[in-house]
file entry-v6.txt (compact mmCIF, C-alpha atoms and all ligand atoms)
# COMPACT_ATOMS: atom_id res chain seq x y z
CA MET K 1 27.77 3.58 0.30
CA PRO K 2 24.99 1.19 -0.67
CA ARG K 3 21.62 2.09 0.80
CA HIS K 4 18.61 -0.19 0.67
CA ILE K 5 15.31 1.20 1.89
CA VAL K 6 12.27 -0.82 2.95
CA CYS K 7 8.77 0.62 3.21
CA LEU K 8 6.32 -1.43 5.24
CA THR K 9 2.83 -0.37 4.17
CA PHE K 10 -0.52 -1.35 5.65
CA ASN K 11 -3.84 -0.91 3.88
CA PHE K 12 -6.18 -0.42 6.83
CA ASP K 13 -9.36 -1.37 4.95
CA THR K 14 -11.38 -2.97 7.78
CA GLN K 15 -14.88 -3.62 6.33
CA SER K 16 -14.64 -1.15 3.43
CA GLY K 17 -13.47 -3.57 0.73
CA PHE K 18 -16.22 -6.05 1.56
CA ILE K 19 -18.90 -3.36 1.54
CA ALA K 20 -17.62 -2.02 -1.81
CA ARG K 21 -18.08 -5.51 -3.26
CA GLY K 22 -21.57 -5.90 -1.83
CA MET K 23 -20.46 -8.48 0.77
CA THR K 24 -22.49 -7.02 3.64
CA THR K 25 -23.63 -10.11 5.53
CA PRO K 26 -22.24 -10.51 9.07
CA THR K 27 -19.35 -12.89 8.38
CA PRO K 28 -17.51 -10.93 5.64
CA LEU K 29 -18.02 -7.77 7.71
CA SER K 30 -16.50 -9.50 10.74
CA ARG K 31 -13.56 -10.57 8.61
CA GLY K 32 -12.82 -6.90 7.98
CA GLU K 33 -13.46 -6.06 11.63
CA PHE K 34 -10.61 -8.41 12.59
CA GLY K 35 -8.34 -5.73 11.14
CA LEU K 36 -8.81 -3.79 14.38
CA ILE K 37 -7.15 -6.61 16.33
CA GLY K 38 -4.52 -7.02 13.62
CA ALA K 39 -3.72 -3.30 13.68
CA ARG K 40 -3.07 -3.35 17.43
CA ARG K 41 -0.69 -6.29 17.01
CA ILE K 42 1.12 -4.57 14.16
CA LEU K 43 1.52 -1.32 16.09
CA THR K 44 3.01 -3.27 19.01
CA LEU K 45 5.43 -5.06 16.71
CA LEU K 46 6.50 -1.89 14.90
CA LYS K 47 7.08 -0.10 18.20
CA ALA K 48 9.15 -2.99 19.55
CA HIS K 49 11.42 -2.81 16.51
CA GLY K 50 11.52 0.97 16.20
CA VAL K 51 10.02 0.99 12.70
CA HIS K 52 7.83 3.73 11.22
CA ALA K 53 5.45 2.62 8.48
CA THR K 54 2.87 4.03 6.11
CA TRP K 55 -0.80 3.28 6.67
CA PHE K 56 -3.15 3.75 3.72
CA VAL K 57 -6.41 4.37 5.52
CA PRO K 58 -9.79 4.74 3.76
CA GLY K 59 -12.03 7.56 5.00
CA PHE K 60 -14.53 4.83 5.89
CA THR K 61 -12.09 3.39 8.45
CA ILE K 62 -11.28 6.83 9.89
CA GLU K 63 -14.96 7.64 10.42
CA SER K 64 -15.98 4.15 11.60
CA HIS K 65 -13.01 3.35 13.86
CA PRO K 66 -11.58 6.66 15.04
CA SER K 67 -9.67 5.39 18.07
CA ALA K 68 -7.91 2.66 16.07
CA CYS K 69 -6.81 5.30 13.56
CA ALA K 70 -5.74 7.73 16.29
CA ALA K 71 -3.43 5.00 17.63
CA VAL K 72 -1.67 4.85 14.24
CA VAL K 73 -1.04 8.60 14.31
CA GLN K 74 0.01 8.54 17.96
CA ASP K 75 2.77 6.06 17.16
CA GLY K 76 4.22 8.39 14.54
CA HIS K 77 3.26 6.51 11.39
CA GLU K 78 2.36 8.19 8.12
CA VAL K 79 -1.32 8.22 7.16
CA ALA K 80 -1.83 8.14 3.40
CA HIS K 81 -4.85 8.15 1.11
CA HIS K 82 -6.74 5.00 0.15
CA SER K 83 -10.09 6.46 -1.04
CA TRP K 84 -13.14 6.97 1.17
CA GLY K 85 -15.22 3.91 0.35
CA HIS K 86 -12.69 1.53 -1.29
CA VAL K 87 -14.26 1.81 -4.75
CA ALA K 88 -11.62 1.52 -7.49
CA PRO K 89 -11.22 4.77 -9.51
CA ALA K 90 -11.51 2.78 -12.73
CA GLN K 91 -15.19 2.28 -11.80
CA GLN K 92 -15.87 5.99 -11.14
CA SER K 93 -16.53 9.06 -13.29
CA ARG K 94 -14.00 11.88 -12.92
CA ALA K 95 -16.43 13.86 -10.76
CA GLU K 96 -17.15 10.88 -8.50
CA GLU K 97 -13.46 10.12 -8.15
CA GLU K 98 -12.60 13.71 -7.26
CA ALA K 99 -15.43 13.95 -4.71
CA ASP K 100 -14.22 10.74 -3.06
CA LEU K 101 -10.62 12.03 -3.07
CA VAL K 102 -11.60 15.28 -1.36
CA ARG K 103 -13.89 13.60 1.17
CA ALA K 104 -11.23 11.11 2.27
CA ASN K 105 -8.53 13.79 2.40
CA ALA K 106 -10.68 15.84 4.77
CA CYS K 107 -10.88 12.77 7.05
CA ILE K 108 -7.08 12.40 6.95
CA GLU K 109 -6.58 16.07 7.73
CA ARG K 110 -8.92 15.84 10.73
CA LEU K 111 -7.14 12.71 11.94
CA SER K 112 -3.50 13.65 11.41
CA GLY K 113 -3.53 17.43 11.11
CA ARG K 114 -2.47 17.47 7.47
CA LYS K 115 -3.61 16.27 4.07
CA ALA K 116 -2.18 13.09 2.58
CA ARG K 117 1.08 13.24 0.62
CA GLY K 118 0.62 9.81 -0.87
CA TYR K 119 -2.12 7.82 -2.54
CA ARG K 120 -2.80 4.15 -3.20
CA SER K 121 -5.85 3.13 -5.17
CA PRO K 122 -8.28 0.50 -3.88
CA ALA K 123 -7.73 -2.79 -5.74
CA TRP K 124 -4.84 -1.13 -7.59
CA ASP K 125 -6.82 0.05 -10.57
CA LEU K 126 -6.29 3.72 -11.46
CA SER K 127 -8.59 5.56 -13.84
CA GLU K 128 -7.31 7.65 -16.73
CA ASN K 129 -8.00 10.72 -14.54
CA THR K 130 -6.24 9.62 -11.34
CA ILE K 131 -2.75 11.04 -12.00
CA ASP K 132 -4.24 14.40 -13.03
CA LEU K 133 -6.40 14.54 -9.91
CA LEU K 134 -3.51 13.61 -7.60
CA LEU K 135 -1.38 16.39 -9.10
CA ALA K 136 -4.24 18.89 -8.81
CA HIS K 137 -4.71 18.02 -5.13
CA GLY K 138 -1.07 18.34 -4.15
CA PHE K 139 -0.04 14.71 -3.79
CA ARG K 140 3.69 13.94 -3.95
CA TYR K 141 3.55 10.23 -4.71
CA ASP K 142 1.34 7.38 -5.86
CA SER K 143 1.80 3.72 -4.97
CA SER K 144 -0.48 1.78 -7.30
CA LEU K 145 1.58 0.89 -10.39
CA MET K 146 3.78 -2.06 -11.25
CA GLY K 147 6.19 -0.71 -13.88
CA GLY K 148 9.30 -1.05 -11.66
CA ASP K 149 10.53 -2.72 -8.49
CA TYR K 150 13.47 -1.08 -6.69
CA TRP K 151 13.49 2.33 -8.36
CA PRO K 152 10.69 4.84 -8.00
CA TYR K 153 9.80 6.52 -11.28
CA ARG K 154 7.73 9.40 -12.59
CA ALA K 155 4.05 8.59 -13.11
CA ARG K 156 2.84 9.32 -16.67
CA ARG K 157 -0.43 10.62 -17.98
CA GLY K 158 -1.87 10.21 -21.43
CA ASP K 159 -0.41 6.83 -22.42
CA GLN K 160 -2.13 5.79 -25.65
CA VAL K 161 -3.22 2.25 -26.23
CA GLU K 162 -5.36 0.85 -28.99
CA LEU K 163 -5.79 -2.75 -30.03
CA GLY K 164 -3.59 -3.48 -33.03
CA LYS K 165 -1.42 -0.38 -32.59
CA PRO K 166 1.93 0.10 -30.82
CA PHE K 167 2.01 1.50 -27.30
CA ARG K 168 2.62 5.26 -27.07
CA ARG K 169 4.05 6.68 -23.84
CA GLY K 170 2.37 9.73 -22.39
CA GLU K 171 4.18 12.61 -20.66
CA GLU K 172 6.04 12.11 -17.41
CA THR K 173 4.65 14.14 -14.51
CA SER K 174 6.15 15.37 -11.24
CA LEU K 175 4.25 12.68 -9.31
CA ILE K 176 6.62 10.02 -7.99
CA GLU K 177 5.49 6.44 -8.44
CA MET K 178 6.47 4.07 -5.61
CA PRO K 179 5.90 0.78 -7.43
CA ILE K 180 4.16 -2.24 -5.92
CA SER K 181 3.46 -5.83 -6.94
CA TRP K 182 0.85 -8.46 -6.14
CA SER K 183 3.78 -10.78 -5.33
CA LEU K 184 4.74 -8.48 -2.42
CA ASP K 185 1.15 -8.14 -1.15
CA ASP K 186 -0.09 -10.42 1.64
CA TYR K 187 -3.63 -10.62 0.24
CA PRO K 188 -3.31 -13.08 -2.69
CA HIS K 189 -0.87 -15.29 -0.74
CA PHE K 190 -3.05 -15.69 2.31
CA GLU K 191 -6.71 -14.88 1.75
CA PHE K 192 -9.21 -17.56 0.81
CA VAL K 193 -11.93 -15.91 -1.29
CA ARG K 194 -14.79 -17.74 -2.97
CA THR K 195 -17.20 -15.96 -5.29
CA ALA K 196 -19.84 -17.26 -7.70
CA THR K 197 -17.30 -17.38 -10.52
CA SER K 198 -13.86 -17.79 -8.91
CA VAL K 199 -11.82 -19.14 -6.01
CA LEU K 200 -8.68 -17.43 -4.68
CA PRO K 201 -7.11 -20.27 -2.68
CA GLY K 202 -4.61 -18.27 -0.56
CA LEU K 203 -3.73 -19.87 2.81
CA GLN K 204 -0.05 -20.37 1.99
CA SER K 205 2.68 -21.07 4.54
CA ALA K 206 3.61 -17.77 6.16
CA HIS K 207 7.28 -18.76 6.45
CA THR K 208 7.43 -19.60 2.76
CA VAL K 209 5.93 -16.25 1.78
CA MET K 210 8.21 -14.30 4.11
CA ALA K 211 11.26 -16.22 2.81
CA SER K 212 10.33 -15.10 -0.72
CA TRP K 213 9.91 -11.52 0.49
CA MET K 214 13.37 -11.68 2.11
CA ASP K 215 14.82 -12.99 -1.16
CA GLU K 216 13.34 -9.96 -2.90
CA PHE K 217 15.36 -7.73 -0.54
CA ARG K 218 18.51 -9.76 -1.15
CA TYR K 219 18.07 -9.41 -4.90
CA MET K 220 17.65 -5.64 -4.52
CA GLN K 221 20.94 -5.54 -2.56
CA ARG K 222 22.62 -7.53 -5.29
CA SER K 223 21.28 -5.55 -8.23
CA VAL K 224 21.21 -1.86 -7.20
CA GLU K 225 23.38 0.40 -5.02
CA TRP K 226 20.31 2.35 -3.88
CA GLY K 227 16.72 1.23 -3.95
CA VAL K 228 13.34 1.10 -2.25
CA LEU K 229 11.41 -2.11 -1.64
CA THR K 230 7.74 -1.85 -0.73
CA TYR K 231 5.78 -4.56 1.04
CA THR K 232 1.99 -4.28 1.20
CA MET K 233 -0.05 -5.79 4.00
CA HIS K 234 -3.58 -5.65 5.43
CA PRO K 235 -4.13 -5.79 9.19
CA TYR K 236 -6.96 -8.33 8.84
CA VAL K 237 -4.68 -10.54 6.75
CA ILE K 238 -1.18 -10.33 8.27
CA GLY K 239 -2.65 -9.90 11.78
CA ARG K 240 -3.40 -13.64 12.21
CA GLY K 241 -1.08 -15.20 14.80
CA TYR K 242 1.09 -17.53 12.71
CA ARG K 243 1.54 -14.80 10.10
CA MET K 244 2.58 -12.26 12.73
CA LEU K 245 5.31 -14.64 13.92
CA ALA K 246 6.67 -15.02 10.38
CA PHE K 247 6.34 -11.28 9.71
CA GLU K 248 8.34 -10.47 12.86
CA GLU K 249 11.08 -12.83 11.63
CA LEU K 250 11.11 -10.94 8.34
CA VAL K 251 11.51 -7.58 10.12
CA LYS K 252 14.40 -8.99 12.19
CA ASN K 253 16.07 -10.52 9.13
CA LEU K 254 15.71 -7.28 7.17
CA GLN K 255 17.25 -5.30 10.04
CA ALA K 256 20.11 -7.78 10.31
CA ALA K 257 20.71 -7.48 6.55
CA GLY K 258 21.01 -3.68 6.79
CA ALA K 259 17.59 -2.52 5.61
CA VAL K 260 16.79 1.14 6.25
CA PHE K 261 13.13 1.41 7.23
CA MET K 262 11.28 4.55 6.18
CA THR K 263 7.79 5.83 5.58
CA MET K 264 6.80 6.14 1.92
CA GLU K 265 6.75 9.91 2.20
CA GLU K 266 10.38 9.87 3.40
CA ALA K 267 11.42 7.37 0.73
CA ALA K 268 9.68 9.38 -2.01
CA ALA K 269 11.49 12.52 -0.82
CA GLU K 270 14.83 10.70 -0.91
CA ALA K 271 14.02 9.40 -4.40
CA GLN K 272 13.13 12.93 -5.49
CA ALA K 273 16.45 14.30 -4.22
CA ARG K 274 18.54 11.43 -5.51
CA MET K 275 17.00 10.35 -8.79
CA PHE K 276 15.22 13.27 -10.44
ZN ZN G 1 -7.45 -1.63 0.22

call {"tool": "encode", "arguments": {"input": "entry-v6.txt", "output": "structure tokens"}}
result
Amino acid sequence: MPRHIVCLTFNFDTQSGFIARGMTTPTPLSRGEFGLIGARRILTLLKAHGVHATWFVPGFTIESHPSACAAVVQDGHEVAHHSWGHVAPAQQSRAEEEADLVRANACIERLSGRKARGYRSPAWDLSENTIDLLLAHGFRYDSSLMGGDYWPYRARRGDQVELGKPFRRGEETSLIEMPISWSLDDYPHFEFVRTATSVLPGLQSAHTVMASWMDEFRYMQRSVEWGVLTYTMHPYVIGRGYRMLAFEELVKNLQAAGAVFMTMEEAAAEAQARMF
């Protein structure tokens, strides 16, 4: 029997990503604040369609917006780890990264009654210590790497790279990688971001983006008997009205096509039992 799993995942960053980048004037902060409205809309949509999702929630959001985070737990969604302050591990020392990991996990435990099973790095940039730290702190899965699409795989540590030399694979660990892609992330498709040195144009047609995301599911159905497809969204991005309409169409189309919706923790457990 073919079985095609979909994980809807929401990075509930609110203002944290802007603050981490030094964008602390009122307008960028308000842009993150819109995530509170977006989150309410998403929870309503998920409930209407009977879908449980995974919310990667920074400790910052849990401490700053406790009632919005409690609503996520109340609706039965998984809360997973997304750092405390949305600083990418690649920019931290090992000690800083571990302190941030522990601090945010304590927030998640207070919110949901248990520590996180899964981790996703801010800005998708792991450090060379991240996999080690996740294993040491009892995580089951990571969702920050791009080395696959429909099949989870075992995260490695100790890959060796040096300019001018061939790539050497490190050892596989017990941590399950639930792969992601910028192409299946709402942020680069939709967000207009201007900095001193770059412009991310974003602002694409929501229907066009969701049609591409549906095609990704169809290709998974065509190419594997069993697989997991992960979509990544941000409440302040997907929560805008015309995007919510297109997103709801996607959920309906996925359901009609036979998608099995699961949290990442459930999908990682199924991958563990089935693949490894
Ligand atoms: Zn984030």

call {"tool": "residues_near_point", "arguments": {"input": "entry-v6.txt", "point": "(-11.2, 4.1, 10.8)", "cutoff": "12 Å", "atoms": "all atoms listed in the file", "output": "VMD selection string"}}
result
chain K and resid 11 to 16 32 to 33 35 to 36 39 55 to 73 79 82 84 to 85 104 107 to 108 110 to 111

call {"tool": "closest_residue", "arguments": {"input": "entry-v6.txt", "among": "K:His4, K:His137, K:Arg114, K:Arg168", "to": "Glu225 of chain K", "atoms": "all atoms listed in the file"}}
result
K:His4

call {"tool": "closest_residue", "arguments": {"input": "entry-v6.txt", "among": "K:Pro235, K:Gly227, K:Gly22, K:Gly50", "to": "ligand ZN 1 (chain G)", "atoms": "all atoms listed in the file"}}
result
K:Pro235

call {"tool": "residues_around", "arguments": {"input": "entry-v6.txt", "residues": "Arg154 of chain K", "least_positions_apart": "5", "cutoff": "7 Å", "atoms": "all atoms listed in the file", "output": "list in words"}}
result
Glu172, Thr173, Ser174, Leu175, Ile176 and Glu177 of chain K

call {"tool": "closest_residue", "arguments": {"input": "entry-v6.txt", "among": "K:Cys7, K:Val260, K:Ile238, K:Met233", "to": "Ile37 of chain K", "atoms": "all atoms listed in the file"}}
result
K:Ile238

call {"tool": "closest_residue", "arguments": {"input": "entry-v6.txt", "among": "K:Tyr150, K:Tyr242, K:Trp226, K:Tyr231", "to": "Thr208 of chain K", "atoms": "all atoms listed in the file"}}
result
K:Tyr242
